[in-house]
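**Student:** I have a structure here, written as structure tokens, and I will follow up with some questions on it.
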Amino acid sequence: MASLCKECGHQQIEKNFSRCPSCMSRRTITHPELAKLTIAHVDCDSFYASVEKRDNPELRDKPVIVGGGQRGVVSTCCYIARMSGVRSAMPAFQAKRLCPQAVFVRPRMAEYVKASKLIREEFDKLTPSVEPLSIDEAFLDLTGTEKLHHGSPAQSLARLAREVEKNVGVTISIGLSHNKFLAKIASDLDKPRGMALIGEEETTTFLADKPVTIIYGIGKKFGERLERDGITRIGQLQEMELKDLAGRYGEIGGRLYYLARGQDKRIVKRSKGVKSVSNETTFFKDINDFDELSKVMLRLAEEVSARLKTKDLAGDTITIKLKTAGFTTRTRRRQLLSPTQFAHTIYETGQSMLEKEVGMTSFRLIGIGVSGLCKAPTNDPVDLIDPKIARKAAAERAMDKVRDRFGKKAVLRGKLMSAKKDVRNEDSDSQKPD
């Protein structure tokens with residue numbers, strides 16, 4: 001066992017303490033793998049609201065909601081507001097009903113970007129292996145940094161939290177584990193201003209009683225399908241064979257098999273530049289119907305896929321962009337286990353994120369993009385896990401050949417035949433500095 005003070009970073013190997021002998025804080029953590037875990041997920045606590053409270057001390061003890069407006073939605077809210085049931089992406093009128101004493105603040109993106117850059121500078125002091133996920137969260141790989149920082153990764157991260165709070169004025173929560181999947185889960189276990197660890201030895205036991213919905217890639221509809229099949233806990237997935245899961249649920253079934261066992265081979269990677277291929281469209285009329293939005297997303301995914309194939313590229317991160325009728329922009333991102341350039345994978349991943357967003361809100365814009373780009377694999381996916389993967393890839397290749405010979409409209413997926421027309425498309429192949 002080893003203990004760490006989350007307040008000052010004091011650590012003792014082979015000794016446990018509930019009160020830090022250095023600063024006397026009770027914010028301590030004890031774990032048998034404290035000194036060996038190296039993969040971290042760092043997430044700012046209610047980032048936008050924290051910046052607003054930092055800049056306006058009068059808001060410090062009040063429930064703060066960033067966003068809203070007459071027809072808008074909540075961008076984020078502080079933890080005081082969350083105690084009343086307010087959540088991100090909630091319609092403003094509903095948030096006001098739940099928390100009538102809340103202070104609504106207009107977003108100030110320029111200030112949030114400034115704070116984000118300062119936090120990124122603190123990340124870069126620790127390790128070159130920083131993989132940003134959004135303006136307020138990132139993965140860090142601290143493997144091999146012990147000698148440089150004269151302490152374990154856990155110590156370095158405790159010091160990071162202190163420096164960010166001191167220099168930027170916001171707090172962070174940290175998840176530390178042996179891979180990205182578990183680090184991301186851990187960062188939600190001790191919020192706000194916390195640190196949680198998931199060790200390698202405890203992985204399967206820790207996951208066993210957790211709901212399957214904590215696994216990334218499981219959207220609302222797929223979660224409901226699993227529940228209808230009697231699968232609600234990860235421990236049930238751990239008891240199932242790979243062939244059974246893949247045969248029943250296809251490609252995602254194969255991912256479930258490995259993730260349920262805490263196996264995630266993705267590395268933390270820092271690209272020299274943000275590289276992405278994306279496409280978005282703005283509608284003549286706001287849309288809130290999932291099927292209509294889904295049809296448009298399929299067409300956009302096919303166009304993104306076509307450009308990736310032309311450039312001989314593939315990417316492992318799918319991002320969707322939505323702009324509400326109230327002009328609030330939402331972006332959602334999901335990382336795949338392996339890079340893809342196939343339209344069906346891009347679309348299905350985007351669709352699973354889209355289903356979580358559709359409800360009472362209407363949208364005026366939708367977009368989808370692929371980032372984390374690399375040279376496309378020379379071979380199509382094999383059918384060792386799920387024959388459907390190989391069949392879909394082969395079918396898509398066949399469609400591509402027909403289109404190359406007879407034009408883009410020579411082959412249309414059935415779902416696209418009834419898709420509504422939109423105002424404009426905006427393609428983007430971007431290469432920007434971090």
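Chains: A, B, ... in order of the structure tokens. Residues: from 1 per chain. Ligands: from 1, in order shown.
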Taking the chain letters and numbering used in this document, name the residues of stretch 175-385 of chain A that DSSP puts in helix (DSSP H, G or I), as a PyMOL selection string.
**Tutor:** chain A and resi 180-186+203-208+212-214+220-228+234-238+242-249+251-260+290-310+343-357
**Student:** Can you tell me which residues surround stretch 360-364 of chain A at a distance of at most 6 Å, considering only C-alpha atoms, apart from same-chain residues fewer than 2 positions away, and format the answer as a list in words?
**Tutor:**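 Those residues are Thr282, Phe283, Asp286, Ile287, Asn288, Lys323, Thr324 and Ala325 of chain A.
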**Student:** Between atom CA of A:Gly367 and atom CA of A:Leu259, what is the distance in Å, rounded to a tenth?
**Tutor:**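 So the two atoms, atom CA of A:Gly367 and atom CA of A:Leu259, lie 28.1 Å apart.
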**Student:** Between atom CA of A:Pro91 and atom CA of A:Lys210, what is the distance in Å, rounded to a tenth?
**Tutor:**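 Between these atoms lies a distance of 29.2 Å.
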**Student:** Rank A:Leu207, A:His41, A:Thr317, A:Arg299 by their smallest atom-to-atom distance to A:Ser129, using only C-alpha atoms, and report the top residue only.
**Tutor:**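 Once distances to A:Ser129 are computed over only C-alpha atoms, the minimum belongs to A:His41.
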**Student:** Could you pull the residues within 7 Å of stretch 332-334 of chain A, counting only C-alpha atoms, minus those fewer than 5 positions along the same chain, as a list in words?
**Tutor:** Thr317, Ile318, Thr319, Ile320, Lys321 and Met353 of chain A
**Student:** Suppose we keep N, CA and C atoms; can you now write the selection as a short mmCIF file (atom, residue, chain, number, x, y, z; two decimals), in the first residue's frame?
**Tutor:**
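File out_18.cif, as written:
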```
data_model
loop_
_atom_site.label_atom_id
_atom_site.label_comp_id
_atom_site.auth_asym_id
_atom_site.auth_seq_id
_atom_site.Cartn_x
_atom_site.Cartn_y
_atom_site.Cartn_z
N THR A 317 -11.26 9.09 -34.42
CA THR A 317 -12.13 9.90 -33.59
C THR A 317 -13.26 10.49 -34.42
N ILE A 318 -14.49 10.22 -34.02
CA ILE A 318 -15.67 10.72 -34.73
C ILE A 318 -16.28 11.85 -33.89
N THR A 319 -16.56 12.98 -34.54
CA THR A 319 -17.15 14.13 -33.86
C THR A 319 -18.42 14.55 -34.58
N ILE A 320 -19.48 14.80 -33.83
CA ILE A 320 -20.67 15.37 -34.43
C ILE A 320 -20.85 16.79 -33.90
N LYS A 321 -21.42 17.64 -34.72
CA LYS A 321 -21.68 19.02 -34.37
C LYS A 321 -23.16 19.32 -34.59
N MET A 353 -24.24 8.83 -30.98
CA MET A 353 -24.11 10.07 -30.22
C MET A 353 -25.32 10.97 -30.45
#
```
**Student:** If we count only C-alpha atoms, what is near stretch 7-17 of chain A at a cut-off of 9 Å, once residues fewer than 4 positions away on the same chain are taken out, given as an MDAnalysis selection string?
**Tutor:** chainID A and resid 1:3 21:23 25:32 34:35 151:152 154:159 161:162
**Student:** With only C-alpha atoms as the atoms that count, which of A:Met195, A:Leu308, A:Met109, A:Leu300 lies nearest to A:Gln341?
**Tutor:**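 Among the listed residues, A:Leu308 lies closest to A:Gln341.
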